[in-house]
Every structure is written in structure tokens, then in C-alpha cells.
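Everything on this sheet refers to the single structure shown next.
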Amino acid sequence: MRNSVHISLLAAVLAAFCIMPLYAGNAAPEPAWLLENPEKIPALLASGELAFEEVPNPHWQENSCAACHQGEVEAGGAVAPLRNENINEMCANCHDPSMVAEYIHAVDMSPPDDFMGRMPDEFKKSIEQAGGVVSCVACHDLPIQCLSRGGIAPKRFNPFFFRGGPYNSRTDLCFKCHDPMSYQRKNPHDQITDEGDLNTEACFYCHETTPNRTKSRDIYDVSFNINESLEKLCTGCHPYKPHPGGVWFSSRGSTAGGGANHLVMPPDDFLQQIIKTRKQYDIVIPLEPETGRIFCATCHNPHERGVQYLAPADKGADGYKRLRRTHICSVCHDM
Ligand code: HEC
Ligand code: HEC
Ligand code: HEC
Ligand code: HEC
Ligand code: HEC
Ligand code: HEC
Ligand code: HEC
Ligand code: HEC
């Protein structure tokens, strides 16, 4: 005990002498120092001294416990005090809360009674732990990545350390709290009512105004809620991880096939191929109007079958994975 106190004191003194002066100047901060001083990260990011990609990843690492814990912690221990009382703030040292809210899930709201009734005990506990509200640890069960439960193996099966995971489908996690029935009603691809009428409400998830189906000839004839980065129409509900060019990221941990970044502007030879295959297969392959980039709806048709009057634009609607063509890769790649 005495020894370890001495060692950490010594380490602190050494750190103060050897590392601190290093970036009183302009040198990039060392990952090891950042992991011991995560509270300094937001200011370094704001001042530009640190780039986003340089924030060290403490998860599933042996020597990064201090990024979240105070003092000495041992794998397998029963308790381990955290650096911050407010867990969201602790995560926010490295994860910009505004970005997390945009892509994944908001925090700080108190679950309505029916949510509490539905939740398994460990979810309820996580809400209590955060003072009655949803926090990052409601869904991310950090002790899984503390290497305190079964070593590194869970990393493969549950890489995002989901509470109660791994899950076969992301919505299985959602339904720990949300009512599957009302969640279904939030399906923006449900665009025609049971009576066969157009559900114009649904158009506003993505379109600024209800498109005129008789007059629209292509993507240039409709307007969207946003102009750039049209993938944001989708990523709020479908976060985009290593996809596509491989299987959709699943909690089973498989990212086989790699994750080529497809949200790019196709080079000339690809554009020629697209023009050719559009005709050949009688389909639309829309590109983002502002930038000419590939985006989600280049490959996926987000509409319900029958919404589009033009036959090529209707293809893929409600089909397998909403793909505009079964062999979607061959639309652009010679294969
Ligand atoms: C990214 C943040 C983070 C990192 C890094 C981290 N932990 Fe944790 N750890 C937590 C949180 C959050 C809890 C849950 C605390 C609670 O429930 O009160 C926790 C809990 C624990 C517990 C309590 C036992 C349990 O299963 O709940 C131990 C022991 C522990 N961590 C050890 C470690 C060790 C050892 C390391 C380094 C190998 C480490 N942690 C790295 C965030 C982290
Ligand atoms: C010291 C900085 C740091 C802290 C503190 C931190 N993270 Fe991370 N986290 C990272 C980095 C860096 C990555 C990797 C990001 C990437 O590759 O895009 C990451 C990745 C993740 C991932 C994705 C899984 C993975 O391994 O890529 C989740 C989920 C996550 N963090 C949740 C949390 C939560 C919840 C907290 C608070 C309890 C937290 N993090 C605290 C830096 C941090
Ligand atoms: C209601 C559940 C929920 C809450 C609350 C939540 N997350 Fe997540 N988080 C998820 C899901 C689901 C994913 C996986 C997205 C995917 O499939 O790519 C995720 C993914 C992540 C990732 C990886 C994102 C990426 O693109 O690599 C990070 C980092 C992360 N969460 C951090 C946080 C932080 C920090 C908080 C608290 C501010 C938080 N999460 C709160 C459900 C949640
Ligand atoms: C730990 C519980 C919990 C989990 C798990 C969870 N949510 Fe939530 N979510 C909430 C709470 C609480 C609210 C706020 C509800 C309210 O105030 O009516 C909310 C609100 C939302 C909203 C805001 C719009 C609305 O009113 O419905 C969306 C969208 C949402 N969640 C999607 C998801 C998705 C997608 C998942 C799965 C990846 C998920 N949630 C998992 C607790 C959870
Ligand atoms: C989930 C997002 C989303 C929803 C909801 C949505 N759209 Fe679209 N819509 C798009 C995207 C992206 C495009 C451009 C790609 C394309 O042409 O299909 C588009 C294009 C169109 C086009 C032009 C298609 C063409 O190529 O000729 C029409 C017409 C249209 N939408 C009508 C509707 C109507 C009517 C609704 C409501 C019932 C609706 N959309 C709901 C995303 C959506
Ligand atoms: C408000 C949430 C929401 C938004 C926004 C949204 N979706 Fe969906 N999406 C869903 C739900 C819920 C389902 C499952 C029900 C279904 O298959 O009809 C789904 C299903 C899908 C599927 C089929 C998944 C499968 O396994 O078969 C694809 C592909 C898809 N969406 C693509 C998109 C694209 C592309 C966009 C943007 C243009 C988009 N979605 C926008 C909620 C959303
Ligand atoms: C280059 C074509 C392409 C682009 C661009 C693309 N996808 Fe996909 N997507 C696919 C293919 C192919 C599959 C089916 C993989 C399979 O068979 O499992 C798929 C599957 C999916 C699924 C179903 C996931 C599941 O559980 O099976 C969703 C949801 C989805 N994509 C959403 C998106 C979103 C959101 C974007 C934009 C950020 C996007 N896709 C961009 C080709 C594409
Ligand atoms: C809409 C057109 C389009 C579709 C559809 C498409 N790709 Fe691509 N793909 C591209 C473009 C453009 C690039 C980037 C080429 C470059 O920069 O030279 C690319 C790059 C790749 C790469 C990176 C390696 C390389 O050749 O540079 C792989 C792997 C890949 N795609 C696989 C697939 C698979 C698998 C599918 C089907 C699921 C698919 N693509 C569907 C357009 C597409």
C-alpha cells in the first residue's frame, strides 16, 4: 500500500518534470499524458493543439484505467471510484456531446413511467445511478470494457459494450425501454396508409415540401430538409459504421468484407459506368445534387412501393434491404 502510494507519487513528479514542459511549447501532447488528464482534452481540441483523431482511445486497453477512474484500480475489483461524479461529463472529455446527440441518442431526459415499467433491472439501476435520467451508461455498460469481466473476449462480440448485449439487431436494445408498437409508427418508410392514401406527413421526415409525384422527374425536382450531407436524413435512425462494401456492422462483431467509404464523388470511369447501367437496368441511381457524391439513397430506395409514379424510381422500394437492384455492386463496379 505504502509502496504503491510512493510509486504513484514518484510517477506524478516524473510526469510533471518530464512531460509537462514538453508542451508548455507546441509539441503534440503525449497520449499517455492525455489519458491521465482527460479533463484537459476539450480545451486542447478547442485551441487546435490537438486534432480529433489524436484523442487516445481508452477502451479495452490495459493501461488507460486512469482516463475514467481515480487512484489505483484493479481488474476484477468490486468497486472503482470514477474521476467525475457526472458520467456524461466524463465521456464528454473525449466525445463531443453535440455529435453524440446528433448520431446516436440524447441523454438527460427522465424516462416516462411506461418506460420504467418495461426496463430490466440493470437498466433501471443505470437510470438511478445517473439521478433518474438517461446517461451514456444506460446503454453503454462500461465495466464490460474495463477488462474486469472475462478479459478481452467481449470486445469481439459486443464492441460497443451494450448493456445486456450483444444484440442481434440494434432495435432489440431500443425495445428495452421503448414500446415496440409506437416505435413502429415512427417508421418514415411507411408512406401509404392502410386505406391506400398517401401519408404526406411521412414525407416531411426528409422533404421540405411534399413532392409533386406527377411532375417530379428526378432528384433535382424535390427539396430536402438539408442541402448537404444528405446521409444525415438517415443516420439519426441508421448509424453508419463500416458500411457498405461489406456486411452491415452487427453486434455480432462481424465487419467482414471491410468498409470502403462509399460516400464520395465517383471518378469519371465510375460515372460512365453508372450512366450505362442506369439505362441497362432501367433504374435511378441518384447522386447528392450539391456535391455529386454517392449517398445512402444512391443504393437504397427510402420510399414505399407505389409512392413513385416513374417505374425506374419505384424499383427497390420495399425490396430486399431497399436496394435499387439486387446486385447493387455491379451498377458501378465492373464485376
Ligand atoms: C471509459 C471509461 C472507463 C475506463 C477506461 C475504465 N473504466 Fe472501469 N468503470 C467505468 C465505469 C463507468 C464503471 C461503473 C461504475 C459504476 O457503476 O459506479 C466502471 C467500473 C469498474 C469496476 C467496478 C466493478 C464493476 O464491474 O462494476 C472496476 C473494478 C473497474 N471499473 C476497473 C477498471 C480497470 C482495471 C480499468 C483499466 C483496465 C478500467 N476500469 C477502465 C469506466 C471506465
Ligand atoms: C480519454 C478519452 C475518452 C474517454 C474519457 C471516453 N472515450 Fe469513448 N472513445 C474514445 C475514443 C478515442 C474512441 C474511438 C473513436 C473512434 O475510433 O472513432 C472511443 C470509442 C467509444 C465507443 C465505440 C467503441 C469503440 O471502441 O470504438 C463507445 C461506445 C464509447 N467510446 C463510449 C464512451 C463512454 C460511454 C464514455 C464515458 C463513460 C467514454 N466513451 C469515455 C475516447 C474516450
Ligand atoms: C439509448 C442508448 C444509448 C445512449 C443513451 C448512448 N448511446 Fe452511444 N450508442 C448507442 C448505439 C445503439 C450505438 C451504436 C451505433 C451503431 O450501430 O453504429 C452507439 C454508439 C456510440 C459510439 C460509437 C459511435 C461511432 O460512430 O463509432 C460512441 C462513441 C458512443 N455511442 C458514445 C456515447 C456517449 C458518450 C453517450 C452519452 C452522451 C452515449 N453514447 C449514449 C446507444 C446509446
Ligand atoms: C435506457 C432506455 C432507452 C433505450 C435503451 C433507448 N431509449 Fe430512446 N429514449 C429514451 C427516453 C427516456 C426517451 C425520452 C422519451 C420521452 O420523454 O417520451 C427517448 C427518446 C428517444 C427518441 C426521441 C423521439 C421520441 O420521442 O421517441 C428517439 C428517436 C429514440 N429515443 C430512439 C431510440 C433508439 C433508436 C434506441 C435504440 C438504439 C433507443 N431510443 C433506446 C430511453 C431509451
Ligand atoms: C426517409 C427519407 C424520405 C422520405 C420519408 C420520403 N422521401 Fe422522397 N426522396 C428521398 C430521397 C433521398 C430522394 C432522392 C432519391 C430518389 O430519387 O429516390 C427522394 C426523391 C423523391 C422523388 C423523386 C424521385 C425520382 O427520382 O423521380 C419523389 C417524387 C418523392 N421523393 C416523393 C416522396 C413522397 C411523396 C414522400 C412522402 C409520402 C416521400 N418522398 C418521402 C427521401 C425520402
Ligand atoms: C425516423 C427513423 C428513420 C429514418 C430517418 C430512416 N429510417 Fe430507414 N428504417 C427505419 C425503420 C423503423 C425501419 C424498419 C422498418 C422497415 O423495414 O420498414 C427502417 C428500415 C430501413 C431499411 C431496411 C433494413 C432491413 O434490414 O431490411 C433500409 C435499407 C433503410 N431503412 C434505409 C434508410 C435510408 C436510406 C434512409 C434515409 C434516406 C432512412 N432509412 C431513414 C427508420 C428510419
Ligand atoms: C454503395 C451502396 C450503398 C450505400 C451508399 C449505402 N448502402 Fe446500406 N446497404 C447496402 C447493401 C448492399 C446492403 C445489404 C448488405 C446485406 O446484404 O446484408 C445494405 C444494408 C443496409 C441496411 C440494412 C442493415 C441490416 O441490418 O441488414 C441499412 C439500414 C442501410 N444499409 C442503411 C444505409 C445508410 C443509412 C446509408 C448511408 C449512410 C447506406 N446504407 C449507404 C448498400 C449501400
Ligand atoms: C453508386 C456506385 C457504387 C456502388 C453501387 C458500389 N460502389 Fe464500391 N465504390 C464506388 C466508388 C466511386 C468507389 C471509390 C473508387 C475510387 O475512389 O477510385 C468504390 C470503392 C469500393 C471499394 C474500395 C476498393 C477500391 O476498388 O477502391 C470496394 C471494396 C467496393 N467499392 C466494394 C463495393 C461493393 C462490395 C459494393 C456492393 C455492395 C459496391 N462497392 C457498390 C462506387 C460504388
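Chain labels run A, B, ... following the order of the C-alpha cells; each chain numbers its residues from 1, and ligands are numbered from 1 in the order shown.
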
| Surroundings of ligand 4 up to 10 Å, based on only C-alpha atoms and all ligand atoms, as an MDAnalysis selection string | chainID A and resid 103:116 118:120 122:127 132:140 162:164 169:179 182:183 186 236:239

| task | Find the spatial neighbours of segment 211-215 of chain A, counting only C-alpha atoms, within a cut-off of 8 Å - ignore same-chain residues fewer than 6 positions away - and output them as a list in words. | result | Cys203, Asp221, Val222, Ser223, Val307, Gln308 and Tyr309 of chain A

Resulting file, chosen residues, all heavy atoms, as a PDB file, in the first residue's frame:
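Listing of again-v1.pdb after writing:
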```
ATOM      1  N   CYS A 203     -43.582  12.335 -45.558  1.00  0.00           N
ATOM      2  CA  CYS A 203     -42.634  12.970 -46.489  1.00  0.00           C
ATOM      3  C   CYS A 203     -41.741  13.963 -45.751  1.00  0.00           C
ATOM      4  O   CYS A 203     -40.579  14.146 -46.100  1.00  0.00           O
ATOM      5  CB  CYS A 203     -43.369  13.698 -47.616  1.00  0.00           C
ATOM      6  SG  CYS A 203     -44.700  12.744 -48.386  1.00  0.00           S
ATOM      7  N   ASP A 221     -35.868  17.644 -58.809  1.00  0.00           N
ATOM      8  CA  ASP A 221     -37.203  18.238 -58.734  1.00  0.00           C
ATOM      9  C   ASP A 221     -37.787  18.220 -57.324  1.00  0.00           C
ATOM     10  O   ASP A 221     -38.922  18.643 -57.118  1.00  0.00           O
ATOM     11  CB  ASP A 221     -38.169  17.493 -59.674  1.00  0.00           C
ATOM     12  CG  ASP A 221     -37.815  17.719 -61.142  1.00  0.00           C
ATOM     13  OD1 ASP A 221     -37.172  18.746 -61.434  1.00  0.00           O
ATOM     14  OD2 ASP A 221     -38.163  16.870 -61.971  1.00  0.00           O
ATOM     15  N   VAL A 222     -37.054  17.685 -56.360  1.00  0.00           N
ATOM     16  CA  VAL A 222     -37.581  17.656 -54.992  1.00  0.00           C
ATOM     17  C   VAL A 222     -36.612  18.386 -54.061  1.00  0.00           C
ATOM     18  O   VAL A 222     -35.434  18.543 -54.389  1.00  0.00           O
ATOM     19  CB  VAL A 222     -37.798  16.203 -54.490  1.00  0.00           C
ATOM     20  CG1 VAL A 222     -38.860  15.507 -55.318  1.00  0.00           C
ATOM     21  CG2 VAL A 222     -36.500  15.406 -54.493  1.00  0.00           C
ATOM     22  N   SER A 223     -37.117  18.854 -52.917  1.00  0.00           N
ATOM     23  CA  SER A 223     -36.242  19.557 -51.973  1.00  0.00           C
ATOM     24  C   SER A 223     -36.193  18.797 -50.658  1.00  0.00           C
ATOM     25  O   SER A 223     -37.122  18.053 -50.318  1.00  0.00           O
ATOM     26  CB  SER A 223     -36.765  20.973 -51.740  1.00  0.00           C
ATOM     27  OG  SER A 223     -38.070  20.907 -51.207  1.00  0.00           O
ATOM     28  N   VAL A 307     -45.247   4.816 -54.173  1.00  0.00           N
ATOM     29  CA  VAL A 307     -45.171   6.271 -53.993  1.00  0.00           C
ATOM     30  C   VAL A 307     -44.648   6.921 -55.266  1.00  0.00           C
ATOM     31  O   VAL A 307     -45.139   7.955 -55.706  1.00  0.00           O
ATOM     32  CB  VAL A 307     -44.275   6.635 -52.784  1.00  0.00           C
ATOM     33  CG1 VAL A 307     -43.933   8.114 -52.779  1.00  0.00           C
ATOM     34  CG2 VAL A 307     -44.962   6.237 -51.477  1.00  0.00           C
ATOM     35  N   GLN A 308     -43.656   6.302 -55.882  1.00  0.00           N
ATOM     36  CA  GLN A 308     -43.070   6.854 -57.109  1.00  0.00           C
ATOM     37  C   GLN A 308     -43.909   6.437 -58.323  1.00  0.00           C
ATOM     38  O   GLN A 308     -44.166   5.255 -58.519  1.00  0.00           O
ATOM     39  CB  GLN A 308     -41.635   6.341 -57.284  1.00  0.00           C
ATOM     40  CG  GLN A 308     -40.702   6.720 -56.152  1.00  0.00           C
ATOM     41  CD  GLN A 308     -40.521   8.222 -56.011  1.00  0.00           C
ATOM     42  OE1 GLN A 308     -40.751   8.986 -56.949  1.00  0.00           O
ATOM     43  NE2 GLN A 308     -40.128   8.640 -54.812  1.00  0.00           N
ATOM     44  N   TYR A 309     -44.303   7.438 -59.119  1.00  0.00           N
ATOM     45  CA  TYR A 309     -45.064   7.126 -60.328  1.00  0.00           C
ATOM     46  C   TYR A 309     -44.166   6.614 -61.451  1.00  0.00           C
ATOM     47  O   TYR A 309     -44.587   5.839 -62.290  1.00  0.00           O
ATOM     48  CB  TYR A 309     -45.832   8.366 -60.806  1.00  0.00           C
ATOM     49  CG  TYR A 309     -47.038   8.696 -59.951  1.00  0.00           C
ATOM     50  CD1 TYR A 309     -47.643   9.944 -60.032  1.00  0.00           C
ATOM     51  CD2 TYR A 309     -47.578   7.748 -59.078  1.00  0.00           C
ATOM     52  CE1 TYR A 309     -48.755  10.255 -59.258  1.00  0.00           C
ATOM     53  CE2 TYR A 309     -48.686   8.050 -58.303  1.00  0.00           C
ATOM     54  CZ  TYR A 309     -49.269   9.301 -58.387  1.00  0.00           C
ATOM     55  OH  TYR A 309     -50.353   9.602 -57.626  1.00  0.00           O
TER      56      TYR A 309
END
```

| Among listed residues A:Lys40, A:Lys279, A:His59, A:His207, nearest Asn93 of chain A (using only C-alpha atoms) |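 Using only C-alpha atoms, the shortest distance to Asn93 of chain A belongs to A:Lys40.
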
May I have a table of the residues of chain A lying at most 7 Å from ligand 6, giving each one's closest pair of atoms and their distance in Å to one decimal, counting only C-alpha atoms and all ligand atoms, ordered by chain and ascending residue number, as a Markdown table?
```
| residue | atom | partner | partner_atom_place_in_ligand_line | distance |
| --- | --- | --- | --- | --- |
| A:Tyr183 | CA | ligand 6 | 12 (C) | 6.9 |
| A:Gln184 | CA | ligand 6 | 12 (C) | 5.8 |
| A:Lys186 | CA | ligand 6 | 1 (C) | 5.7 |
| A:Asn187 | CA | ligand 6 | 12 (C) | 4.3 |
| A:Pro188 | CA | ligand 6 | 1 (C) | 5.5 |
| A:His189 | CA | ligand 6 | 18 (O) | 5.6 |
| A:Asp190 | CA | ligand 6 | 18 (O) | 6.6 |
| A:Tyr205 | CA | ligand 6 | 5 (C) | 6.4 |
| A:Glu231 | CA | ligand 6 | 37 (C) | 6.5 |
| A:Leu233 | CA | ligand 6 | 37 (C) | 4.8 |
| A:Cys234 | CA | ligand 6 | 37 (C) | 3.5 |
| A:Thr235 | CA | ligand 6 | 5 (C) | 6.9 |
| A:Gly236 | CA | ligand 6 | 5 (C) | 6.0 |
| A:Cys237 | CA | ligand 6 | 2 (C) | 4.5 |
| A:His238 | CA | ligand 6 | 7 (N) | 6.4 |
| A:Cys296 | CA | ligand 6 | 35 (C) | 4.7 |
| A:Ala297 | CA | ligand 6 | 35 (C) | 4.8 |
| A:His300 | CA | ligand 6 | 35 (C) | 5.1 |
| A:Asn301 | CA | ligand 6 | 35 (C) | 6.4 |
| A:Pro302 | CA | ligand 6 | 34 (C) | 5.1 |
| A:Tyr320 | CA | ligand 6 | 27 (O) | 6.1 |
| A:Lys321 | CA | ligand 6 | 27 (O) | 3.9 |
| A:Arg322 | CA | ligand 6 | 29 (C) | 4.8 |
| A:Leu323 | CA | ligand 6 | 29 (C) | 6.8 |
```

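For the atom pair formed by atom 43 (C, counted along the ligand's line) of ligand 2 and atom CA of Ile87 of chain A, the distance is 12.1 Å, given to one decimal.
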
| query | Using only C-alpha atoms, which residues sit within 12 Å of segment 282-293 of chain A once same-chain residues fewer than 2 positions away are excluded, as number ranges by chain? | reply | A: 217-224, 226-233, 261-268, 270-271, 273-280, 295-301, 308, 310-317, 323-326, 328-329, 331-332

| query | Using only C-alpha atoms and all ligand atoms, which of the listed residues (A:Ser64, A:Gln191, A:Asn168, A:Asn199) sits closest to ligand 1? | reply |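 Under the stated criterion, the closest residue is A:Ser64.
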
| Which of segment 38-224 of chain A counts as helix (DSSP H, G or I) under DSSP, as a ChimeraX atom specification please? | /A:38-47,52-54,65-67,87-92,97-103,113-118,121-129,136-139,142-146,154-157,170-174,180-185,200-203,219-221

| Residues at most 8 Å from ligand 1, using only C-alpha atoms and all ligand atoms? Could they come as a PyMOL selection string? | chain A and resi 58-69+73-82+87+90-91+126+129+137+141-149
